[in-house]
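entry.cif, holding mmCIF, C-alpha atoms:
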data_input
loop_
_atom_site.group_PDB
_atom_site.id
_atom_site.type_symbol
_atom_site.label_atom_id
_atom_site.label_comp_id
_atom_site.auth_asym_id
_atom_site.auth_seq_id
_atom_site.Cartn_x
_atom_site.Cartn_y
_atom_site.Cartn_z
ATOM 1 C CA MET A 720 -28.829 17.374 66.521
ATOM 2 C CA ASN A 721 -28.241 17.122 70.281
ATOM 3 C CA GLU A 722 -27.775 20.367 72.187
ATOM 4 C CA GLY A 723 -24.165 21.027 73.096
ATOM 5 C CA PHE A 724 -22.749 19.100 70.137
ATOM 6 C CA ILE A 725 -22.029 22.252 68.113
ATOM 7 C CA ALA A 726 -20.152 23.835 71.030
ATOM 8 C CA LEU A 727 -18.078 20.701 71.533
ATOM 9 C CA TRP A 728 -17.341 20.402 67.815
ATOM 10 C CA LEU A 729 -16.299 24.040 67.439
ATOM 11 C CA LEU A 730 -14.092 23.834 70.531
ATOM 12 C CA SER A 731 -12.439 20.724 69.084
ATOM 13 C CA MET A 732 -11.738 22.535 65.808
ATOM 14 C CA ALA A 733 -10.351 25.519 67.732
ATOM 15 C CA ALA A 734 -8.086 23.207 69.759
ATOM 16 C CA ILE A 735 -6.713 21.619 66.575
ATOM 17 C CA LEU A 736 -5.978 25.030 65.082
ATOM 18 C CA PHE A 737 -4.438 26.242 68.342
ATOM 19 C CA PHE A 738 -2.025 23.309 68.601
ATOM 20 C CA THR A 739 -1.036 23.529 64.930
ATOM 21 C CA GLY A 740 0.274 27.061 65.138
ATOM 22 C CA TRP A 741 -2.871 29.138 64.672
ATOM 23 C CA GLY A 742 -3.121 30.336 68.254
ATOM 24 C CA ASN A 743 -3.168 33.992 67.249
ATOM 25 C CA ALA A 744 -6.059 33.453 64.845
ATOM 26 C CA VAL A 745 -8.013 31.461 67.428
ATOM 27 C CA SER A 746 -7.553 33.493 70.599
ATOM 28 C CA ASP A 747 -4.868 36.156 70.065
ATOM 29 C CA ASP A 748 -2.294 33.762 71.564
ATOM 30 C CA MET A 749 -4.022 33.648 74.925
ATOM 31 C CA PRO A 750 -2.082 31.373 77.327
ATOM 32 C CA LEU A 751 -3.146 27.740 77.127
ATOM 33 C CA ARG A 752 -3.385 27.515 80.923
ATOM 34 C CA THR A 753 -5.975 30.283 80.997
ATOM 35 C CA ILE A 754 -8.071 28.645 78.287
ATOM 36 C CA VAL A 755 -7.957 25.184 79.865
ATOM 37 C CA ALA A 756 -8.698 26.553 83.341
ATOM 38 C CA PHE A 757 -11.693 28.525 82.076
ATOM 39 C CA ILE A 758 -13.202 25.682 80.038
ATOM 40 C CA GLY A 759 -12.596 23.166 82.820
ATOM 41 C CA THR A 760 -14.208 25.402 85.433
ATOM 42 C CA VAL A 761 -17.178 26.054 83.158
ATOM 43 C CA ALA A 762 -17.633 22.314 82.626
ATOM 44 C CA VAL A 763 -17.665 21.657 86.385
ATOM 45 C CA LEU A 764 -19.946 24.588 87.246
ATOM 46 C CA HIS A 765 -22.372 23.678 84.469
ATOM 47 C CA PHE A 766 -23.960 21.100 86.778
ATOM 48 C CA PHE A 767 -24.825 23.756 89.372
ATOM 49 C CA THR A 768 -27.550 26.363 89.020
ATOM 50 C CA VAL A 769 -28.558 29.570 90.760
ATOM 51 C CA SER A 770 -32.227 30.467 90.952
ATOM 52 C CA VAL A 771 -33.436 34.065 91.239
ATOM 53 C CA GLN A 772 -36.948 34.127 92.751
ATOM 54 C CA ASP A 773 -37.929 31.138 90.615
ATOM 55 C CA GLN A 774 -38.039 33.463 87.615
ATOM 56 C CA VAL A 775 -34.488 33.097 86.312
ATOM 57 C CA VAL A 776 -32.265 30.022 86.521
ATOM 58 C CA ILE A 777 -28.593 30.585 85.712
ATOM 59 C CA GLY A 778 -26.112 27.778 85.197
ATOM 60 C CA GLY A 779 -22.878 28.051 87.120
ATOM 61 C CA GLY A 780 -20.801 27.952 83.944
ATOM 62 C CA ALA A 781 -22.852 30.723 82.375
ATOM 63 C CA LEU A 782 -22.509 32.775 85.554
ATOM 64 C CA LEU A 783 -18.731 32.427 85.307
ATOM 65 C CA ALA A 784 -18.781 33.480 81.634
ATOM 66 C CA ILE A 785 -20.955 36.504 82.366
ATOM 67 C CA GLY A 786 -18.815 37.509 85.334
ATOM 68 C CA THR A 787 -15.657 37.150 83.247
ATOM 69 C CA ALA A 788 -17.136 39.299 80.492
ATOM 70 C CA VAL A 789 -18.101 41.991 83.011
ATOM 71 C CA VAL A 790 -14.605 41.994 84.544
ATOM 72 C CA LEU A 791 -12.971 42.199 81.110
ATOM 73 C CA LEU A 792 -15.223 45.114 80.212
ATOM 74 C CA LEU A 793 -14.572 47.018 83.443
ATOM 75 C CA THR A 794 -10.801 46.535 83.223
ATOM 76 C CA MET A 795 -10.497 48.205 79.835
ATOM 77 C CA HIS A 796 -8.082 51.103 80.074
ATOM 78 C CA SER A 797 -10.091 53.569 78.013
ATOM 79 C CA PRO A 798 -13.665 54.563 78.960
ATOM 80 C CA GLY A 799 -14.267 55.201 75.272
ATOM 81 C CA SER A 800 -13.307 51.628 74.408
ATOM 82 C CA MET A 801 -15.530 50.342 77.202
ATOM 83 C CA LEU A 802 -18.539 52.265 75.908
ATOM 84 C CA TYR A 803 -17.819 51.195 72.342
ATOM 85 C CA ILE A 804 -17.693 47.491 73.243
ATOM 86 C CA LEU A 805 -20.830 47.828 75.368
ATOM 87 C CA PHE A 806 -22.645 49.530 72.495
ATOM 88 C CA SER A 807 -21.424 46.824 70.100
ATOM 89 C CA ALA A 808 -22.707 44.144 72.489
ATOM 90 C CA LEU A 809 -26.110 45.805 72.690
ATOM 91 C CA LEU A 810 -26.278 46.136 68.914
ATOM 92 C CA THR A 811 -25.341 42.526 68.217
ATOM 93 C CA GLY A 812 -27.604 41.316 71.025
ATOM 94 C CA PHE A 813 -30.506 43.224 69.522
ATOM 95 C CA MET A 814 -29.853 41.678 66.119
ATOM 96 C CA TRP A 815 -29.658 38.207 67.666
ATOM 97 C CA THR A 816 -32.907 38.806 69.565
ATOM 98 C CA TRP A 817 -34.631 40.147 66.480
ATOM 99 C CA MET A 818 -33.611 37.082 64.480
ATOM 100 C CA ARG A 819 -34.846 34.696 67.182
ATOM 101 C CA TYR A 820 -38.152 36.534 67.445
ATOM 102 C CA ILE A 821 -38.725 36.508 63.688
ATOM 103 C CA TYR A 822 -38.059 32.770 63.512
ATOM 104 C CA THR A 823 -40.433 32.220 66.419
ATOM 105 C CA MET A 824 -43.230 34.128 64.712
ATOM 106 C CA ASP A 825 -42.666 33.029 61.109
ATOM 107 C CA PRO A 826 -39.635 30.779 60.332
ATOM 108 C CA VAL A 827 -39.603 31.301 56.572
ATOM 109 C CA PHE A 828 -36.305 32.887 55.575
ATOM 110 C CA ILE A 829 -33.961 30.375 57.153
ATOM 111 C CA VAL A 830 -30.383 30.633 55.896
ATOM 112 C CA ILE A 831 -28.562 27.879 57.819
ATOM 113 C CA HIS A 832 -30.660 26.753 60.795
ATOM 114 C CA PRO A 833 -33.243 28.500 62.999
ATOM 115 C CA ARG A 834 -30.933 28.228 66.038
ATOM 116 C CA TRP A 835 -27.753 29.138 64.178
ATOM 117 C CA ASP A 836 -28.666 32.113 62.011
ATOM 118 C CA GLY A 837 -28.980 34.517 64.975
ATOM 119 C CA PRO A 838 -25.596 33.802 66.572
ATOM 120 C CA VAL A 839 -23.872 33.637 63.179
ATOM 121 C CA LEU A 840 -25.217 37.069 62.233
ATOM 122 C CA ALA A 841 -24.340 38.485 65.652
ATOM 123 C CA GLY A 842 -20.850 37.000 65.493
ATOM 124 C CA LEU A 843 -20.155 38.360 62.030
ATOM 125 C CA PHE A 844 -21.095 41.855 63.132
ATOM 126 C CA ALA A 845 -19.020 41.456 66.296
ATOM 127 C CA GLY A 846 -16.045 40.602 64.083
ATOM 128 C CA LEU A 847 -16.696 43.694 62.003
ATOM 129 C CA LEU A 848 -17.044 45.977 65.004
ATOM 130 C CA ALA A 849 -14.058 44.709 67.022
ATOM 131 C CA ASP A 850 -10.682 43.088 66.378
ATOM 132 C CA ARG A 851 -9.512 41.418 69.588
ATOM 133 C CA PHE A 852 -10.582 38.112 71.138
ATOM 134 C CA ARG A 853 -11.251 39.830 74.454
ATOM 135 C CA SER A 854 -13.783 42.158 72.835
ATOM 136 C CA HIS A 855 -15.371 39.326 70.880
ATOM 137 C CA PHE A 856 -15.859 37.318 74.070
ATOM 138 C CA ILE A 857 -17.572 40.222 75.821
ATOM 139 C CA ILE A 858 -19.854 40.909 72.869
ATOM 140 C CA ALA A 859 -20.731 37.238 72.376
ATOM 141 C CA VAL A 860 -21.571 36.663 76.047
ATOM 142 C CA PHE A 861 -23.675 39.800 76.409
ATOM 143 C CA GLY A 862 -25.363 39.105 73.075
ATOM 144 C CA ALA A 863 -26.174 35.524 74.110
ATOM 145 C CA VAL A 864 -27.782 36.760 77.327
ATOM 146 C CA MET A 865 -29.711 39.506 75.566
ATOM 147 C CA SER A 866 -31.008 37.089 72.926
ATOM 148 C CA LEU A 867 -32.945 35.241 75.635
ATOM 149 C CA SER A 868 -35.199 38.269 76.073
ATOM 150 C CA THR A 869 -37.446 36.651 73.453
ATOM 151 C CA HIS A 870 -38.557 34.390 76.322
ATOM 152 C CA TYR A 871 -40.686 37.251 77.610
ATOM 153 C CA LEU A 872 -42.227 37.797 74.184
ATOM 154 C CA GLY A 873 -43.495 34.254 73.737
ATOM 155 C CA PRO A 874 -46.301 32.199 75.272
ATOM 156 C CA ALA A 875 -43.913 30.381 77.643
ATOM 157 C CA ALA A 876 -43.123 33.525 79.621
ATOM 158 C CA PRO A 877 -45.924 33.279 82.245
ATOM 159 C CA SER A 878 -45.339 29.610 83.073
ATOM 160 C CA ALA A 879 -41.630 28.870 82.655
ATOM 161 C CA ALA A 880 -38.519 30.360 84.235
ATOM 162 C CA LEU A 881 -35.880 31.949 82.044
ATOM 163 C CA ARG A 882 -32.895 29.601 81.798
ATOM 164 C CA ILE A 883 -29.424 30.955 81.093
ATOM 165 C CA GLY A 884 -26.603 28.514 80.481
ATOM 166 C CA THR A 885 -28.341 25.574 78.853
ATOM 167 C CA LEU A 886 -26.425 23.501 76.310
ATOM 168 C CA ALA A 887 -28.341 25.283 73.540
ATOM 169 C CA TRP A 888 -27.235 28.608 75.019
ATOM 170 C CA TRP A 889 -23.612 27.470 74.919
ATOM 171 C CA ASP A 890 -24.092 26.384 71.295
ATOM 172 C CA GLY A 891 -25.218 29.892 70.388
ATOM 173 C CA LEU A 892 -22.414 31.556 72.322
ATOM 174 C CA THR A 893 -19.758 29.339 70.725
ATOM 175 C CA ILE A 894 -21.179 29.897 67.236
ATOM 176 C CA ALA A 895 -21.204 33.672 67.749
ATOM 177 C CA LEU A 896 -17.641 33.698 69.086
ATOM 178 C CA THR A 897 -16.428 31.529 66.198
ATOM 179 C CA ALA A 898 -18.117 33.743 63.616
ATOM 180 C CA ALA A 899 -16.557 36.815 65.234
ATOM 181 C CA ARG A 900 -13.065 35.320 65.103
ATOM 182 C CA VAL A 901 -13.513 34.236 61.477
ATOM 183 C CA MET A 902 -14.685 37.700 60.428
ATOM 184 C CA ALA A 903 -11.862 39.394 62.369
ATOM 185 C CA ASN A 904 -9.250 37.210 60.683
ATOM 186 C CA VAL A 905 -10.788 37.889 57.273
ATOM 187 C CA LYS A 906 -10.489 41.592 58.050
ATOM 188 C CA VAL A 907 -6.835 41.156 58.973
ATOM 189 C CA GLY A 908 -6.170 39.231 55.765
ATOM 190 C CA ILE A 909 -7.816 41.876 53.594
ATOM 191 C CA ARG A 910 -5.900 44.609 55.404
ATOM 192 C CA LEU A 911 -2.567 42.843 54.867
ATOM 193 C CA MET A 912 -3.337 42.281 51.183
ATOM 194 C CA ALA A 913 -4.187 45.959 50.758
ATOM 195 C CA LEU A 914 -0.940 47.003 52.471
ATOM 196 C CA ARG A 915 1.099 44.652 50.286
ATOM 197 C CA LEU A 916 -0.549 45.979 47.156
ATOM 198 C CA ALA A 917 0.094 49.536 48.308
ATOM 199 C CA ASP A 918 3.736 48.749 49.111
ATOM 200 C CA GLY A 919 4.133 47.042 45.744
ATOM 201 C CA GLY A 920 2.741 50.065 43.989
ATOM 202 C CA ARG A 921 5.085 52.429 45.793
ATOM 203 C CA SER A 922 8.074 50.165 45.099
ATOM 204 C CA GLY A 923 7.189 50.136 41.420
ATOM 205 C CA GLU A 924 6.949 53.909 41.327
ATOM 206 C CA GLU A 925 10.313 54.292 43.062
ATOM 207 C CA GLY A 926 11.920 51.803 40.726
ATOM 208 C CA GLY A 927 10.513 53.555 37.681
ATOM 209 C CA GLY A 928 11.715 56.900 38.963
ATOM 210 C CA THR A 929 15.293 55.757 39.203
#
Let me see the file written as structure tokens.
Amino acid sequence: MNEGFIALWLLSMAAILFFTGWGNAVSDDMPLRTIVAFIGTVAVLHFFTVSVQDQVVIGGGALLAIGTAVVLLLTMHSPGSMLYILFSALLTGFMWTWMRYIYTMDPVFIVIHPRWDGPVLAGLFAGLLADRFRSHFIIAVFGAVMSLSTHYLGPAAPSAALRIGTLAWWDGLTIALTAARVMANVKVGIRLMALRLADGGRSGEEGGGT
């Protein structure tokens, strides 16, 4: 499968859900203008790169995503929330890295696909650790960057520059963000069901008492 296809496909599915009334489930009802402006800017900047001493090459779109994640993290009102999201990002990034490294060394226990299992696992844990789209975006971006640290553990490290923002990188980021949103919405659904069951039980007790 061509790199970038998964990201495009998932974004298409998210757009369909957004325009059919599921905006809250997709992005916590983030304004459409903001989403379109961000995606459009990323698409334009993707064709530009920034090189750091010929050791790291960062795509312009990825640089925008990383900068946005940093700004969102720093503008959190509570220092405790900031530290919690940062810790969650480090945890999910470590899990993503660990999965990539294991598949590089011995790709035996493949669940879905060698390139998908890491971001799916990271996204699911991000959804468990946080509830809001803003937090999921921060965790997914930081996790996607951290997962590339396997570059320095493999044989390509001495000869090739680390590339951040390739189409494959965007695939992983989009998969992780999608998995996080799915898990968060499952959490919300379970919570609502539990509240309804609890309310039903209390109503039954009150009715029986009268």
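Proximity to Trp835 in chain A was assessed for A:Gly891, A:Pro798, A:Gly908, A:Gly723 counting all atoms listed in the file; the smallest distance is recorded for A:Gly891.
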Residue with smallest distance to Val790 in chain A - pool A:Ile857, A:Ala899, A:Ala756, A:Val839, counting all atoms listed in the file: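 Using all atoms listed in the file, the shortest distance to Val790 in chain A belongs to A:Ile857.
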Nearby residues (all atoms listed in the file) at most 8 Å from Val745 in chain A, same-chain spacing under 2 positions excluded, as a PyMOL selection string: chain A and resi 733+736-737+741-743+747-748+900
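Taking all atoms listed in the file into account, Ser868 in chain A lies nearest to A:Val775 out of the set A:Ala903, A:Val775, A:Ala744, A:Leu791.
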Sel. within 12 Å of pt (-29.9, 21.9, 74.1), counting all atoms listed in the file, output as a PyMOL selection string: chain A and resi 720-726+834+882-891
